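J.: Provided below: run04.tsv, containing TSV, C-alpha atoms and all ligand atoms.
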```tsv
chain	number	residue	atom	x	y	z
A	1	MET	CA	-9.77	2.73	0.75
A	2	GLY	CA	-8.66	5.82	-1.20
A	3	PHE	CA	-5.29	7.28	-2.06
A	4	PHE	CA	-2.35	7.57	0.27
A	5	ASP	CA	-0.11	10.60	0.69
A	6	SER	CA	2.79	8.60	1.93
A	7	ILE	CA	4.13	5.10	2.28
A	8	LYS	CA	3.89	5.61	6.04
A	9	ASP	CA	0.11	6.13	5.85
A	10	LEU	CA	-0.17	3.05	3.71
A	11	GLN	CA	1.91	1.03	6.15
A	12	GLU	CA	-0.22	2.16	9.07
A	13	THR	CA	-3.41	1.22	7.28
A	14	ALA	CA	-2.00	-2.17	6.42
A	15	ALA	CA	-0.82	-2.70	10.01
A	16	ASN	CA	-4.27	-1.87	11.40
A	17	GLN	CA	-5.87	-4.17	8.90
A	18	ASN	CA	-3.66	-7.00	10.05
A	19	LYS	CA	-3.84	-6.44	13.77
A	20	GLY	CA	-4.12	-9.66	15.66
A	21	GLY	CA	-2.25	-11.97	13.32
A	22	GLY	CA	-4.07	-10.96	10.15
A	23	ARG	CA	-7.05	-13.07	11.07
A	24	GLN	CA	-10.07	-13.01	8.86
A	25	TYR	CA	-13.32	-14.43	10.12
A	26	LEU	CA	-15.45	-16.88	8.26
A	27	THR	CA	-18.78	-15.12	7.92
A	28	LEU	CA	-21.81	-16.64	6.30
A	29	GLU	CA	-24.93	-14.89	5.12
A	30	ASP	CA	-28.36	-16.45	4.96
A	31	GLY	CA	-28.21	-19.30	2.43
A	32	ASP	CA	-24.41	-19.43	2.17
A	33	LYS	CA	-22.67	-22.78	2.05
A	34	PHE	CA	-18.91	-23.35	2.09
A	35	ARG	CA	-16.63	-26.33	1.92
A	36	VAL	CA	-14.13	-26.14	4.77
A	37	ARG	CA	-11.22	-28.08	6.24
A	38	PHE	CA	-10.41	-27.58	9.91
A	39	LEU	CA	-6.72	-26.81	10.35
A	40	GLN	CA	-6.41	-27.89	13.95
A	41	GLU	CA	-8.05	-30.29	16.37
A	42	LEU	CA	-10.49	-29.20	19.05
A	43	SER	CA	-8.28	-30.76	21.71
A	44	LYS	CA	-4.81	-32.24	22.10
A	45	ASP	CA	-6.09	-35.81	22.16
A	46	GLY	CA	-7.36	-35.53	18.57
A	47	LYS	CA	-5.68	-38.07	16.27
A	48	GLY	CA	-4.42	-35.34	13.98
A	49	TYR	CA	-3.06	-33.10	16.75
A	50	ASP	CA	-0.02	-31.18	15.65
A	51	GLU	CA	1.92	-29.13	18.15
A	52	GLU	CA	2.61	-26.33	15.70
A	53	ALA	CA	-1.02	-26.01	14.65
A	54	GLY	CA	-2.24	-26.19	18.26
A	55	THR	CA	-5.91	-26.53	19.08
A	56	ALA	CA	-9.08	-24.51	19.10
A	57	ASN	CA	-9.15	-21.70	21.64
A	58	VAL	CA	-12.04	-21.19	24.04
A	59	VAL	CA	-12.36	-17.62	25.28
A	60	ASP	CA	-14.66	-16.13	27.90
A	61	ILE	CA	-15.85	-12.77	26.68
A	62	HIS	CA	-18.21	-10.01	27.78
A	63	GLN	CA	-20.43	-8.29	25.27
A	64	SER	CA	-21.92	-4.90	26.07
A	65	PRO	CA	-25.72	-5.04	26.48
A	66	TYR	CA	-25.75	-1.53	25.00
A	67	ASP	CA	-23.72	-2.30	21.90
A	68	PHE	CA	-23.21	-5.89	20.84
A	69	LYS	CA	-20.17	-4.96	18.78
A	70	LYS	CA	-18.25	-4.11	21.94
A	71	LYS	CA	-16.61	-7.24	23.24
A	72	LEU	CA	-13.70	-7.81	25.55
A	73	ALA	CA	-11.99	-10.88	26.88
A	74	CYS	CA	-12.89	-11.48	30.52
A	75	THR	CA	-10.04	-10.64	32.89
A	76	ILE	CA	-11.45	-12.04	36.13
A	77	GLU	CA	-8.68	-14.63	36.29
A	78	SER	CA	-6.12	-11.88	36.60
A	79	GLY	CA	-7.96	-10.45	39.60
A	80	SER	CA	-10.51	-7.90	38.41
A	81	CYS	CA	-12.99	-7.47	35.57
A	82	TRP	CA	-15.28	-4.45	35.22
A	83	ALA	CA	-18.06	-6.33	33.38
A	84	HIS	CA	-18.06	-8.96	36.10
A	85	GLU	CA	-18.82	-6.24	38.65
A	86	GLN	CA	-21.88	-5.19	36.60
A	87	LEU	CA	-23.41	-8.63	37.06
A	88	ALA	CA	-24.70	-7.60	40.47
A	89	THR	CA	-27.21	-5.32	38.77
A	90	ASN	CA	-27.46	-6.60	35.20
A	91	ALA	CA	-27.22	-10.29	34.27
A	92	LYS	CA	-26.71	-9.38	30.60
A	93	TRP	CA	-23.04	-8.76	31.37
A	94	LYS	CA	-22.46	-12.44	32.02
A	95	THR	CA	-19.55	-14.12	30.27
A	96	LYS	CA	-20.12	-16.01	27.05
A	97	LYS	CA	-17.85	-18.67	25.70
A	98	ARG	CA	-16.55	-18.27	22.17
A	99	VAL	CA	-14.78	-21.09	20.42
A	100	LEU	CA	-12.19	-20.04	17.85
A	101	LEU	CA	-10.83	-22.40	15.28
A	102	ASN	CA	-8.53	-22.03	12.28
A	103	VAL	CA	-10.21	-23.29	9.15
A	104	ALA	CA	-9.45	-23.46	5.43
A	105	VAL	CA	-12.33	-22.28	3.28
A	106	LEU	CA	-12.74	-23.09	-0.40
A	107	GLU	CA	-13.53	-19.81	-2.10
A	108	LYS	CA	-14.13	-20.26	-5.81
A	109	ALA	CA	-11.14	-22.48	-6.67
A	110	ASP	CA	-8.80	-21.39	-3.87
A	111	TRP	CA	-8.39	-22.44	-0.27
A	112	VAL	CA	-8.05	-19.47	2.07
A	113	SER	CA	-7.30	-19.33	5.77
A	114	LYS	CA	-10.04	-18.03	8.08
A	115	VAL	CA	-11.09	-18.15	11.71
A	116	LEU	CA	-14.37	-19.71	12.71
A	117	ASP	CA	-15.76	-17.92	15.78
A	118	GLN	CA	-18.84	-19.51	17.29
A	119	THR	CA	-20.64	-20.02	20.57
A	120	LEU	CA	-21.60	-23.32	22.16
A	121	SER	CA	-25.27	-22.70	21.47
A	122	ASP	CA	-27.12	-25.40	19.56
A	123	ASN	CA	-27.74	-23.27	16.49
A	124	HIS	CA	-23.98	-22.89	16.01
A	125	VAL	CA	-21.81	-25.81	14.88
A	126	ILE	CA	-19.39	-26.38	17.74
A	127	THR	CA	-21.54	-28.79	19.73
A	128	THR	CA	-22.05	-30.83	16.55
A	129	LEU	CA	-18.34	-30.66	15.81
A	130	ILE	CA	-17.55	-32.00	19.29
A	131	GLU	CA	-19.75	-34.98	18.49
A	132	TYR	CA	-17.89	-35.63	15.24
A	133	ALA	CA	-14.56	-35.32	17.08
A	134	ALA	CA	-15.71	-37.97	19.55
A	135	GLU	CA	-17.04	-40.22	16.78
A	136	TYR	CA	-14.11	-39.97	14.33
A	137	GLY	CA	-11.32	-39.21	16.81
A	138	SER	CA	-10.37	-36.21	14.68
A	139	ILE	CA	-11.83	-33.20	12.90
A	140	VAL	CA	-8.90	-32.70	10.51
A	141	ASP	CA	-9.30	-35.95	8.57
A	142	ARG	CA	-11.99	-34.79	6.15
A	143	ASP	CA	-13.70	-31.75	4.65
A	144	TYR	CA	-17.02	-30.45	5.90
A	145	ASN	CA	-19.78	-28.38	4.41
A	146	ILE	CA	-20.95	-25.52	6.60
A	147	SER	CA	-24.10	-23.58	5.83
A	148	ARG	CA	-26.26	-20.93	7.38
A	149	SER	CA	-29.95	-20.33	7.17
A	150	GLY	CA	-31.78	-17.37	8.63
A	151	LYS	CA	-30.90	-13.71	9.01
A	152	GLY	CA	-31.94	-12.64	12.46
A	153	MET	CA	-30.71	-13.24	15.97
A	154	ASN	CA	-33.46	-15.73	16.76
A	155	ASP	CA	-33.93	-17.65	13.53
A	156	THR	CA	-30.33	-18.18	12.43
A	157	SER	CA	-28.87	-21.65	12.48
A	158	TYR	CA	-25.72	-23.21	11.11
A	159	LYS	CA	-25.37	-26.72	9.84
A	160	LEU	CA	-22.25	-28.85	9.52
A	161	ILE	CA	-22.08	-31.91	7.27
A	162	PRO	CA	-18.99	-34.17	7.30
A	163	LEU	CA	-17.71	-35.51	3.96
A	164	SER	CA	-15.79	-38.77	3.45
A	165	PRO	CA	-12.28	-38.93	4.95
A	166	SER	CA	-9.71	-37.49	2.55
A	167	ASP	CA	-6.20	-36.11	2.34
A	168	VAL	CA	-5.89	-32.34	2.37
A	169	GLU	CA	-6.15	-30.77	-1.04
A	170	GLU	CA	-3.31	-28.87	-2.58
A	171	GLY	CA	-3.06	-25.39	-1.14
A	172	VAL	CA	-4.41	-26.27	2.28
A	173	ALA	CA	-1.15	-27.40	3.87
A	174	ASP	CA	0.60	-24.13	3.03
A	175	LEU	CA	-1.96	-21.90	4.74
A	176	VAL	CA	-0.81	-19.77	7.64
A	177	LEU	CA	-2.83	-20.08	10.83
A	178	ALA	CA	-4.02	-17.01	12.72
A	179	ASP	CA	-2.95	-16.48	16.31
A	180	LEU	CA	-6.14	-17.21	18.24
A	181	ALA	CA	-4.74	-15.92	21.52
A	182	VAL	CA	-5.26	-12.34	20.37
A	183	ALA	CA	-8.65	-12.79	18.73
A	184	TYR	CA	-10.45	-10.84	21.45
A	185	LYS	CA	-9.25	-7.56	22.79
A	186	VAL	CA	-7.85	-7.63	26.31
A	187	LEU	CA	-7.85	-4.29	28.15
A	188	PRO	CA	-6.43	-3.43	31.56
A	189	TYR	CA	-9.12	-3.11	34.24
A	190	ASP	CA	-8.99	0.68	34.44
A	191	GLU	CA	-9.76	1.04	30.71
A	192	GLN	CA	-12.64	-1.42	30.54
A	193	GLU	CA	-15.48	0.81	31.78
A	194	ALA	CA	-14.63	3.59	29.34
A	195	PHE	CA	-14.40	1.11	26.47
A	196	PHE	CA	-17.80	-0.38	27.19
A	197	LEU	CA	-19.66	2.82	28.03
A	198	GLU	CA	-18.24	5.19	25.44
A	199	GLY	CA	-21.17	6.23	23.25
A	200	ALA	CA	-23.67	4.12	25.19
A	201	THR	CA	-27.03	5.85	25.63
A	202	GLU	CA	-29.82	5.32	28.12
A	203	THR	CA	-32.28	4.13	25.49
A	204	ALA	CA	-29.80	1.69	24.03
A	205	GLY	CA	-30.11	-0.25	27.27
A	206	SER	CA	-33.35	-1.80	26.09
A	207	LYS	CA	-31.64	-3.50	23.17
A	208	PRO	CA	-30.71	-7.09	23.86
A	209	ALA	CA	-27.16	-8.15	23.16
A	210	SER	CA	-26.70	-10.09	19.97
A	211	GLY	CA	-26.54	-13.82	20.39
A	212	TRP	CA	-23.58	-14.18	18.09
B	301	ZN	ZN	-15.23	-10.94	33.46
```
Take the structure in the file and give it back as structure tokens.
T.:
Amino acid sequence: MGFFDSIKDLQETAANQNKGGGRQYLTLEDGDKFRVRFLQELSKDGKGYDEEAGTANVVDIHQSPYDFKKKLACTIESGSCWAHEQLATNAKWKTKKRVLLNVAVLEKADWVSKVLDQTLSDNHVITTLIEYAAEYGSIVDRDYNISRSGKGMNDTSYKLIPLSPSDVEEGVADLVLADLAVAYKVLPYDEQEAFFLEGATETAGSKPASGW
């Protein structure tokens, strides 16, 4: 952080911090376990579907094979997508589905609003969550425990355990949901190549993209 010369600087910093609806991701380290409450259903036919809360958002993204931190939403549906064009020569540019979901997380004694961002791979929790949704007809009717074990790309797995059905605890209902539509950056076609390749080096090409 540091000190600010003017209110304007402070406002700009705050605005950047909150870009994209002020979302904050739920991140777990090896061994972490959190109690969570999903704040929206996976799909509109969930028993607890609420129009205002909406549903989970599934986004197709591309991740640079040279730098896994560089991710953009796929724009092929609007006609052109630079990463899609790279597929002819490098399959690592293929789209990956990310599932985004608003979730309340119990941190110490307080419920805070976060975004869960996971893939559909079996070591993430979404495929399990889909099974619970089918079984219970809802994912918002109870709390869950989510945990992570493992540090690396290949040995990390997440686990999701449903608790007994319960009403939401105090503090959960008042939480503000993040706007999932802006969770991944969307750039116009003519800016995509520069975004992905800026700072990319030849040797970096041997690094595999991160799985999460
Ligand atoms: Zn694409």
J.: May I have the residues within 12 Å of ligand ZN 301 (chain B), computed using all atoms listed in the file, as a PyMOL selection string?
T.: chain A and resi 59-64+71-87+92-97+186-189+192-193
J.: Could you list as a PyMOL selection string every residue that has an atom within 9 Å of (-2.9, -20.0, 7.6), using the file's coordinates and counting all atoms listed in the file?
T.: chain A and resi 23+39+102-104+112-114+172-178
J.: Suppose you want the space between atom CA of A:Asn145 and atom CA of A:Asp32; what is it in Å?
T.: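 Calculated distance between atom CA of A:Asn145 and atom CA of A:Asp32 is 10.3 Å.
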J.: Work out how far atom CA of A:Leu42 is from atom CA of A:Tyr184, in Å to one decimal.
T.: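 Those two atoms sit 18.5 Å apart.
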J.: Please give the centre and size of the box around stretch 65-69 of chain A (axis-aligned, containing every atom listed in the file, 6 Å added per side), with values in Å to one decimal and written as AutoDock Vina command-line options.
T.:
```
--center_x -23.0 --center_y -3.7 --center_z 22.6 --size_x 17.6 --size_y 16.4 --size_z 19.7
```
